[in-house]
Each structure stands twice: as C-alpha cells, then as structure tokens.
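Trainee: My structure is below; once you've seen it, I'll send some questions.
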Amino acid sequence: MAKAPLRVGIVGAGYIATWHADTIKSLTDVDLVAVCDMSASAADALGSSFGAKPYTDFDAMVAQENLDAVHILTPPDSHRALAEKSAAAGLHCFIEKPVGVSAKETAAMVTAGQKADRLMAAGHNFLGMPSYERLKKAAQGGNLGRISMAEINWCFPLPPLRSGPFGLWLLREPRNLLLELGPHLFAFATDLFGKVEVCHLALSKPIALPGGETRHQGWRILARAGDVDVTFNISLVETVDDRSVTLRGSTAQARFDYAADTLVVRRENNADLVLNPLRKQLSQGWQHLREGGVNFGRQLISLNRKSPYGLSFAGAIGAFYDSLRNQKPLDPRFDMKTAQVVMTSIDDALAMMPAQTVPARPKGTPKPTVMVIGGTGFIGRALTRDLVKRGYDVRVLSRGRTGPFADIANRVETVAVSMRDTDGLTQAMEGIDTVYNLAKSTDKTWEDALANDVDVSVGVAKAAMTAGVRRLIYTGTIASYDMSDPRRKISEDTGFRNDMNDRNIYARSKAECEKRLLQMHAEQGLPLVIARPGIVVGEGGPLQHWGIGRWHGAGAVRIWGHGRNILPFVLIDDLTDGLIRMMEKEGIEGRSYNLVGEPLMSARDYFSAIHDQMGAQLAVSTSSLHALFVADLVKHAMKVTLLRRKGLSRASLKDWKSRAHFTPFDISKSKNELGWIPAADRETLVRGAITNANLFGF
C-alpha cells in the first residue's frame with residue numbers, strides 16, 4: 001500500500017520561502033498544504049502561488065492541517081521557540097540558517113528534537129550543491145594531495161547596508177551580519193575538516209547607518225581546522241561576486257564557485273618545461289568550458305528551475321525528506337549536531353568583536369502632524385528627515401516598532417500597523433494633518449497587484465477620510481506613462497492610456513491606484529494630491545538602479561536601449577523638497593505633479609561620470625529593446641504552456657521602449673505651481689547623484 005504524501009507547512013513567507021516552496025513542489029510524495037506568516041498578504045500571496053492554505057496564526061495552522069513537517073523560515077531569533085513548539089506538536093523541522101543565534105540555542109533545539117523523537121535539519125543549503133559534493137570527494141579521496149590551506153569567500157554586495165531597508169534582522173545588531181552569512185562559510189570548513197578554531201577577527205570598511213550606528217562591510221577571520229589553515233573573507237561593498245571555496249593541496253588547487261555551482265581544479269603535470277604551462281592553461285580552459293556548458297544546458301532544459309541556487313535547496317531539502325521517507329539517519333551535512341559545531345565557532349568569532357557604542361537617543365516625545373507610510377525606504381527616510389529638519393514631527397508607519405531614526409527619536413514616532421487594517425490605519429492617523437503614501441508592492445501577477453497594491457492604497461485613502469486628514473499625497477510613478485516616442489513631450493495633462501493590460505505589472509498597478517483614488521476624490525471628496533517621481537538618485541540610493549538598465553552584478557549593466565537619450569533623473573533632496581511643497585501649497589487637491597529634474601544627463605553620461613568621479617569603469621553595454629521584447633515573449637509562452645503558471649502579464653514592445661525613457665518631460669507645472677526648483681546644472685547633479693552618494697559603500 002502506497003504511503004500518503006507528507007503534509008508540509010511553511011512558517012515565514014519572505015523571499016526565501018519561494019525557493020523552499022519550489023523545491024517542495026518538485027518532490028514526489030511531499031505536499032505543501034499550508035503557509036503561515038504574520039502578514040496576511042504575504043501568506044496569501046505565497047499560498048495562492050502554490051495551492052497552500054494561508055494562515056496568520058501558527059497554532060491554528062498546526063491544529064487544522066495535520067502536518068508532518070514544517071519549514072521554519074522566520075527571523076533567526078524566533079527559530080528556537082518555533083522549533084521547540086513544532087517538535088512538541090510532533091512535527092519534523094527544516095530550519096533555515098542560522099538555525100539559532102548561538103550554539104546554546106542550537107543545542108536546545110537538538111535536545112527538543114531528541115526528546116520528541118522528531119527530525120530537525122539545518123538549512124545549510126550550499127552543502128547540497130552537486131559541485132560541492134565533487135569537491136568534497138576530491139578532497140577526502142586525496143586527489144588534491146595533502147591540503148594545507150583553505151580560503152572561503154563571501155564577496156557579494158549587500159545593498160540594504162547603503163540603501164535600506166534598515167529594519168531587517170541582519171542589520172539590527174552588528175553581530176547579525178556574521179550570524180546571517182557565517183553559517184554558509186563555517187559549514188563548508190566544518191564539513192570538510194571538522195571543528196574550526198578561530199584565531200583572529202579583523203573588521204573593515206565601516207558604514208554609518210541612519211541613526212548613527214556603524215556596521216562593518218569587511219570581515220576577515222583567520223582560523224584553523226586540524227592541520228588546515230582557514231581564511232574566511234566577507235565583503236559586502238559593491239564588489240565582483242566571489243562566493244567560493246578554494247582548497248590548496250600538495251598536488252592540486254581546487255576552486256568551487258558556489259554562486260555558479262562550478263568546480264575547476266589546477267594541478268601539476270609531468271610535461272617538460274615548455275609544454276608544462278601550456279598544458280596547465282589548456283586544462284583550465286577545458287574545465288571552464290565544460291562547467292559553463294553543463295550549467296547552461298541544465299538551466300535551459302529545466303527553464304531555470306535547476307539554477308545553482310535552486311540545486312542547493314534541492315540537495316538540502318531532498319536529503320531531509322529522503323531521511324524521513326526511508327527512516328534513515330540524516331546526512332551529517334544537514335544534521336543539527338553539525339550546526340551546533342558551526343555555531344560554536346561563530347560564537348568564538350563574535351566574542352572577538354570590539355564593543356560598539358550605541359548612540360544615545362534624544363529625549364522628548366514626538367507630537368506628529370505628518371504621517372509617512374513607507375517611511376523606512378529610500379525616499380521615505382529622506383522625506384522624514386527633511387520634514388524634521390523643517391520643523392515637523394513625523395509618524396512613520398513600519399512593519400516593526402523601530403526604524404532608522406534613533407538620532408531623531410524625539411521628533412519621529414514609529415508605529416506598526418498592517419496596511420490591510422483600515423481601523424488600525426484610521427487610529428494611527430488621529431491628529432495627523434498630512435499623510436504620504438509612498439508604499440509599493442512587488443507582485444508577479446495582476447491578481448496579486450490588485451490585492452497587495454490597489455486594494456491597500458484604497459484602504460489607506462478610506463482611513464484618511466475617516467480620520468479627517470487634510471491631505472493625502474500619493475506617490476505614483478512616471479513608469480505608468482507611455483515613454484516610447486521621443487517626438488512627444490509628457491506633461492501632467494498627457495494622461496495614461498485607457499487600456500494598460502499590455503504594460504508591466506508595476507506601471508499598470510500604479511496607474512490603477514491613481515484611477516481609483518481620483519475617482520474617490522471626485523465622488524467622495526478625498527483630499528488627494530499625486531506625485532510622480534522620476535529616476536531618484538542620491539545618497540542612500542542604490543548603485544544598481546533598475547530605472548537605468550538591467551544589472552548583472554555590481555560591475556556590469558545593460559542600458560535600456562541605446563543610452564543616448566536624456567533620462568528623467570531627480571536628486572533625492574529635490575524630490576523631498578517637491579513633496580513637502582505639495583503638502584504646504586493650498587488649493588491643489590485633485591492635481592498631480594511630475595517631479596522630474598531638468599534634462600541634464602543620459603545613461604551613457606551617468607556611467608561616464610561614475611568613471612570620472614569614482615575611478616570605477618563599469619562594463620556598460622546597450623540593449624536591443626526589440627530583442628528583449630521577443631525574449632520576454634518566448635519566456636512568457638514557456639511559463640504558460642510548460643510550467644502552467646497563471647495570471648502572468650506580458651509587456652508590449654511599447655512597454656519595453658518606455659523603460660528607456662525616450663519621451664522627454666515638461667515640468668513647468670511643478671515649477672510654476674509649487675515654486676519647485678530642481679538642480680539646473682550637470683555639476684550639481686553629478687555631485688549629488690555620484691560624488692557624494694556613496695554608491696560603492698566605501
């Protein structure tokens with residue numbers, strides 16, 4: 001008699017949850033039946049994508065779903081409590097790294113699993129990659145000779161350090177960066193060589209977070225494991241991607257790239273002096289061709305479902321369910337006892353961190369008259385600080401109860417209210433004169449956009465009316481315009497097309513929000529003003545701005561189109577000035593303003609200025625928008641026909657051309673009615689957007 005499929009639930013519906021859900025879906029005899037997250041919209045979005053029932057209460061999910069196992073994907077400081085509760089309820093657990101915030105917490109989870117006779121696995125996913133298994137086999141089989149040194153790198157940009165959001169768990173304390181990334185690195189060394197003894201820790205490239213706290217973007221840890229000297233390098237600035245494990249032995253050197261799932265070995269050969277170096281290079285070239293070809297073919301055939309990252313989850317999660325199904329011991333790579341050893345070494349490294357002085361919070365209680373929804377994002381942070389500078393106290397709506405405003409805590413109040421809770425929003429708006437709604441959602445289907453963006457924006461507007469707010473300022477986007485024709489000129493009178501079905505979801509969703517809010521203004525008297533920012537640049541913004549081009553890491557970008565047309569840049573300081581003027585100007589309800597800077601610089605000019613000012617030459621290329629449109633058409637057809645995905649939209653050729661911002665803007669309305677004066681010369685734009693913007697993190 002066939003066994004019933006294992007019933008699985010996911011706890012935590014953030015970014016990483018999609019990878020877990022995709023992997024679970026690919027396994028036979030395993031069904032994802034439930035998703036739990038404190039955010040109802042997050043649970044709904046993930047659940048609807050994978051046919052799982054959404055929950056916002058963990059106990060309710062466990063009580064109703066008759067689960068066999070759960071994947072715990074919440075912030076690390078909640079792992080222990082959830083794992084212990086799950087084990088007590090008879091559930092097996094797959095726990096994302098770091099499994100705990102210390103070795104002590106990890107040991108407690110090991111004990112809970114043993115007590116309940118439930119399997120607990122650690123999400124050290126990179127150990128599940130096919131090329132890592134080859135590396136381990138070569139190392140343990142003596143094919144590399146006697147190994148004396150290992151270098152394990154995580155050199156990959158971490159944009160939130162420079163542009164937020166700053167409320168993420170990994171940024172709340174200095175130690176969290178190593179707790180978040182360290183398990184990947186230490187798990188490699190532990191699995192290959194055993195217990196890692198930490199000898200030295202050096203920190204570099206400090207960066208100041210809003211609020212005055214410092215985080216270090218460079219970590220160098222010297223350690224040893226048995227006879228092997230181990231160096232761990234972490235670099236989080238804008239750098240070329242190098243996530244690798246290099247083993248140096250007496251016979252050969254092996255480099256495993258765990259971002260690409262490739263393994264290349266450089267070994268000695270017996271050729272004479274002339275042929276020896278040639279044979280070395282030919283061997284390297286052949287291996288690179290083989291590894292690249294295998295990856296290309298694998299991803300092409302699988303429609304990218306077998307990407308390197310996807311394969312890592314398939315290896316780790318597959319081992320967990322193989323152990324459950326066949327009632328055999330879990331692979332030691334993913335065993336919680338191994339994770340405890342990993343966390344012990346990380347604890348030792350953290351003990352070497354110098355103490356950091358936390359800036360004192362200013363005394364005083366804010367008396368806010370302005371609310372900023374989305375106040376912890378790039379624009380929201382700058383707007384909040386500009387408002388405070390001009391004498392306003394601000395209430396910031398945030399998912400958490402803290403925000404990046406510790407240094408101005410006497411002027412900024414942070415409140416946590418669900419965007420779907422209209423009553424809660426109404427209460428939060430009491431005593432508020434002006435509400436800025438800067439929030440946006442990232443959706444893959446139109447149905448999700450209607451629920452997470454459009455309905456939420458309407459709910460905010462209803463709350464503002466009930467609370468008696470004097471003005472609601474909603475930020476749309478210039479992306480909703482048709483910007484495909486350079487012969488036209490766009491002003492606020494241009495309007496959007498009536499049929500937006502062939503536009504990308506973001507542009508279409510923002511246009512729909514504006515339409516419904518303007519209808520509420522006309523029919524119900526909603527005191528609405530609409531702002532449409534251009535390409536916002538400046539300190540706190542990202543280097544990898546997708547309004548300029550398609551990025552491939554920190555050092556390579558494909559400009560949308562030919563890159564010679566002037567782009568609608570706007571400096572962040574100019575934008576916040578315009579937004580505040582929209583609050584202070586009387587009698588402009590029902591109007592919209594395009595907050596776009598003067599026409600000063602093309603995409604090519606922008607990257608040339610980065611080279612001139614920062615000494616950094618990026619790999620910049622142009623793109624054929626027609627080719628991108630055709631490629632997108634093919635991918636859309638494959639997703640619909642082969643992967644059976646529903647609710648996907650397909651952008652038209654005009655939509656792709658609009659990404660290049662071919663059509664110029666007439667900003668006379670914003671200047672005349674608001675008295676707004678954006679930067680009028682290239683030198684000022686370059687200084688604000690590049691020279692003083694800390695684009696590279698150091």
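Letters for chains follow the order of the structure tokens (A, B, ...), residue numbers begin at 1 for each chain, and ligand numbers begin at 1 in the order shown.
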What lies within 10 Å of segment 287-290 of chain A using only C-alpha atoms, ignoring chain neighbours under 5 positions off, as number ranges by chain?
Mentor: A: 262-266, 281-282, 295-296
Trainee: Write a file of the selected residues as a PDB file, in the first residue's frame, keeping N, CA and C atoms.
Mentor:
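As a result, selection-v4.pdb now contains:
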```pdb
ATOM      1  N   THR A 262      30.161  25.502  -9.936  1.00  0.00           N
ATOM      2  CA  THR A 262      31.237  25.030 -10.807  1.00  0.00           C
ATOM      3  C   THR A 262      32.442  24.638  -9.965  1.00  0.00           C
ATOM      4  N   LEU A 263      33.225  23.708 -10.475  1.00  0.00           N
ATOM      5  CA  LEU A 263      34.446  23.251  -9.821  1.00  0.00           C
ATOM      6  C   LEU A 263      35.558  23.170 -10.857  1.00  0.00           C
ATOM      7  N   VAL A 264      36.639  23.881 -10.608  1.00  0.00           N
ATOM      8  CA  VAL A 264      37.793  23.885 -11.514  1.00  0.00           C
ATOM      9  C   VAL A 264      39.031  23.539 -10.695  1.00  0.00           C
ATOM     10  N   VAL A 265      39.812  22.592 -11.182  1.00  0.00           N
ATOM     11  CA  VAL A 265      40.999  22.108 -10.478  1.00  0.00           C
ATOM     12  C   VAL A 265      42.253  22.453 -11.275  1.00  0.00           C
ATOM     13  N   ARG A 266      43.212  23.054 -10.613  1.00  0.00           N
ATOM     14  CA  ARG A 266      44.512  23.334 -11.235  1.00  0.00           C
ATOM     15  C   ARG A 266      45.543  22.415 -10.588  1.00  0.00           C
ATOM     16  N   GLN A 281      47.193  25.680 -18.746  1.00  0.00           N
ATOM     17  CA  GLN A 281      46.175  26.623 -19.212  1.00  0.00           C
ATOM     18  C   GLN A 281      45.109  25.941 -20.054  1.00  0.00           C
ATOM     19  N   LEU A 282      45.527  24.968 -20.890  1.00  0.00           N
ATOM     20  CA  LEU A 282      44.536  24.241 -21.693  1.00  0.00           C
ATOM     21  C   LEU A 282      43.580  23.463 -20.788  1.00  0.00           C
ATOM     22  N   ASN A 295      26.184  23.806 -16.965  1.00  0.00           N
ATOM     23  CA  ASN A 295      25.229  24.691 -16.299  1.00  0.00           C
ATOM     24  C   ASN A 295      24.239  25.294 -17.280  1.00  0.00           C
ATOM     25  N   PHE A 296      24.749  25.733 -18.427  1.00  0.00           N
ATOM     26  CA  PHE A 296      23.875  26.323 -19.439  1.00  0.00           C
ATOM     27  C   PHE A 296      22.823  25.325 -19.902  1.00  0.00           C
TER      28      PHE A 296
END
```
Trainee: Which distance in Å separates atom CA of His200 of chain A and atom CA of Leu247 of chain A, to one decimal?
Mentor: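 Result for atom CA of His200 of chain A versus atom CA of Leu247 of chain A: 20.0 Å, one decimal.
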Trainee: Give me the residues within 12 Å of Thr18 of chain A as a list in words, counting only C-alpha atoms and dropping any in the same chain fewer than 4 places off.
Mentor: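 What passes the distance filter is Ile10, Val11, Gly12, Ala13, Gly14, Asp22, Thr23, Ile24, Lys25, Leu32, Val35, Ala42, Ala43, Ala45, Leu46, Gly47, Ser48, Ser49, Phe50, His71, Leu73, Arg305, Tyr309, Gly310 and Phe313 of chain A.
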Trainee: Please dump the current selection as a JSON list (two decimals), in the first residue's frame; keep N, CA and C atoms.
Mentor:
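The resulting file, again_15.json, is shown below:
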```
[["chain", "number", "residue", "atom", "x", "y", "z"],
["A", 10, "ILE", "N", 4.87, 25.83, 5.67],
["A", 10, "ILE", "CA", 5.96, 26.80, 5.70],
["A", 10, "ILE", "C", 5.61, 27.89, 6.69],
["A", 11, "VAL", "N", 6.55, 28.23, 7.56],
["A", 11, "VAL", "CA", 6.36, 29.31, 8.54],
["A", 11, "VAL", "C", 7.32, 30.43, 8.17],
["A", 12, "GLY", "N", 6.75, 31.55, 7.71],
["A", 12, "GLY", "CA", 7.56, 32.67, 7.23],
["A", 12, "GLY", "C", 7.51, 32.73, 5.71],
["A", 13, "ALA", "N", 6.84, 33.75, 5.17],
["A", 13, "ALA", "CA", 6.58, 33.81, 3.73],
["A", 13, "ALA", "C", 7.41, 34.90, 3.05],
["A", 14, "GLY", "N", 8.64, 35.09, 3.51],
["A", 14, "GLY", "CA", 9.52, 36.07, 2.88],
["A", 14, "GLY", "C", 10.15, 35.56, 1.60],
["A", 22, "ASP", "N", 9.20, 26.01, -4.09],
["A", 22, "ASP", "CA", 9.51, 25.42, -5.40],
["A", 22, "ASP", "C", 10.14, 24.03, -5.23],
["A", 23, "THR", "N", 11.05, 23.91, -4.27],
["A", 23, "THR", "CA", 11.71, 22.62, -4.06],
["A", 23, "THR", "C", 10.72, 21.58, -3.55],
["A", 24, "ILE", "N", 9.90, 21.94, -2.60],
["A", 24, "ILE", "CA", 8.89, 21.01, -2.08],
["A", 24, "ILE", "C", 7.97, 20.54, -3.21],
["A", 25, "LYS", "N", 7.58, 21.49, -4.06],
["A", 25, "LYS", "CA", 6.68, 21.15, -5.17],
["A", 25, "LYS", "C", 7.31, 20.14, -6.11],
["A", 32, "LEU", "N", 2.93, 20.61, -0.17],
["A", 32, "LEU", "CA", 2.88, 21.87, 0.59],
["A", 32, "LEU", "C", 1.42, 22.23, 0.74],
["A", 35, "VAL", "N", 0.73, 27.72, 4.54],
["A", 35, "VAL", "CA", 1.73, 28.77, 4.68],
["A", 35, "VAL", "C", 1.29, 29.68, 5.82],
["A", 42, "ALA", "N", 1.32, 38.47, 2.74],
["A", 42, "ALA", "CA", 2.44, 37.61, 2.38],
["A", 42, "ALA", "C", 2.00, 36.15, 2.36],
["A", 43, "ALA", "N", 1.24, 35.75, 3.37],
["A", 43, "ALA", "CA", 0.75, 34.37, 3.42],
["A", 43, "ALA", "C", -0.18, 34.08, 2.25],
["A", 45, "ALA", "N", -0.23, 35.59, -0.71],
["A", 45, "ALA", "CA", 0.49, 35.61, -1.98],
["A", 45, "ALA", "C", 1.22, 34.30, -2.21],
["A", 46, "LEU", "N", 1.96, 33.82, -1.20],
["A", 46, "LEU", "CA", 2.69, 32.57, -1.36],
["A", 46, "LEU", "C", 1.74, 31.39, -1.44],
["A", 47, "GLY", "N", 0.73, 31.40, -0.59],
["A", 47, "GLY", "CA", -0.22, 30.29, -0.60],
["A", 47, "GLY", "C", -0.94, 30.15, -1.93],
["A", 48, "SER", "N", -1.38, 31.26, -2.50],
["A", 48, "SER", "CA", -2.11, 31.20, -3.77],
["A", 48, "SER", "C", -1.21, 30.72, -4.91],
["A", 49, "SER", "N", 0.08, 31.04, -4.84],
["A", 49, "SER", "CA", 1.01, 30.62, -5.89],
["A", 49, "SER", "C", 1.26, 29.12, -5.88],
["A", 50, "PHE", "N", 1.11, 28.48, -4.71],
["A", 50, "PHE", "CA", 1.46, 27.06, -4.60],
["A", 50, "PHE", "C", 0.30, 26.20, -4.10],
["A", 71, "HIS", "N", 8.74, 23.95, 7.60],
["A", 71, "HIS", "CA", 9.97, 24.67, 7.28],
["A", 71, "HIS", "C", 9.91, 25.99, 8.04],
["A", 73, "LEU", "N", 11.21, 29.52, 8.50],
["A", 73, "LEU", "CA", 11.91, 30.49, 7.68],
["A", 73, "LEU", "C", 11.75, 31.91, 8.22],
["A", 305, "ARG", "N", 14.74, 26.16, -13.60],
["A", 305, "ARG", "CA", 14.35, 25.60, -12.32],
["A", 305, "ARG", "C", 15.53, 24.90, -11.64],
["A", 309, "TYR", "N", 21.38, 28.09, -7.35],
["A", 309, "TYR", "CA", 20.74, 28.30, -6.06],
["A", 309, "TYR", "C", 19.61, 27.29, -5.85],
["A", 310, "GLY", "N", 18.84, 27.05, -6.91],
["A", 310, "GLY", "CA", 17.78, 26.06, -6.81],
["A", 310, "GLY", "C", 18.30, 24.67, -6.52],
["A", 313, "PHE", "N", 19.07, 24.10, -2.76],
["A", 313, "PHE", "CA", 17.91, 23.76, -1.95],
["A", 313, "PHE", "C", 17.42, 22.34, -2.25]]
```
Trainee: With DSSP run on the backbone, what are the strand (DSSP E or B) residues within segment 391-619 of chain A? I'd like them as a PyMOL selection string.
Mentor: chain A and resi 394-397+412-415+434-437+471-475+490+528-533+535-537+549-551+556-559+566+569-571+592-595+602+619
Trainee: Between atom CA of Met483 of chain A and atom CA of Pro527 of chain A, what is the distance in Å, rounded to a tenth?
Mentor: 28.7 Å
Trainee: Between atom CA of His661 of chain A and atom CA of His626 of chain A, what distance in Å does the model show, to one decimal?
Mentor: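 Taking atom CA of His661 of chain A and atom CA of His626 of chain A, their separation equals 15.0 Å.
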Trainee: Neighbours of Asp347 of chain A within 9 Å (only C-alpha atoms; same-chain residues fewer than 4 positions away dropped), as a compact mmCIF listing (two decimals) with C-alpha atoms, in the first residue's frame?
Mentor:
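Heads up, here's the output in result-v4.txt:
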```txt
# COMPACT_ATOMS: atom_id res chain seq x y z
CA VAL A 101 21.52 32.85 17.25
CA SER A 102 24.06 30.91 19.34
CA ALA A 103 25.39 27.41 19.92
CA LEU A 179 25.20 35.24 12.19
CA VAL A 342 29.25 25.53 13.31
CA MET A 343 27.55 27.92 15.71
CA ALA A 351 33.49 37.06 21.08
CA MET A 352 36.41 38.81 19.38
```
Trainee: Restricting the calculation to only C-alpha atoms: of A:Arg682, A:Arg470, A:Arg255, A:Arg488, which residue gets closest to Tyr132 of chain A?
Mentor: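 Going through A:Arg682, A:Arg470, A:Arg255, A:Arg488 one by one, the smallest distance to Tyr132 of chain A is for A:Arg255.
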Trainee: List the neighbours of Lys337 of chain A out to 9 Å using only C-alpha atoms; skip same-chain residues closer than 5 positions along the sequence, and give me the result as a list in words.
Mentor: Thr106, Ala107, Val110, Pro332 and Val342 of chain A
Trainee: Restrict the selected residues to C-alpha atoms and save them as a short mmCIF file (atom, residue, chain, number, x, y, z; two decimals), in the first residue's frame.
Mentor:
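File written: again23.cif
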```cif
data_model
loop_
_atom_site.label_atom_id
_atom_site.label_comp_id
_atom_site.auth_asym_id
_atom_site.auth_seq_id
_atom_site.Cartn_x
_atom_site.Cartn_y
_atom_site.Cartn_z
CA THR A 106 21.06 25.34 18.68
CA ALA A 107 21.81 22.79 21.42
CA VAL A 110 18.80 19.43 19.31
CA PRO A 332 25.61 14.79 8.56
CA VAL A 342 29.25 25.53 13.31
#
```
Trainee: Looking at only C-alpha atoms, which of A:Arg279, A:Met129, A:Phe662, A:Ala223 is the one that sits closest to Asp261 of chain A?
Mentor: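 Counting only C-alpha atoms, the residue closest to Asp261 of chain A is A:Met129.
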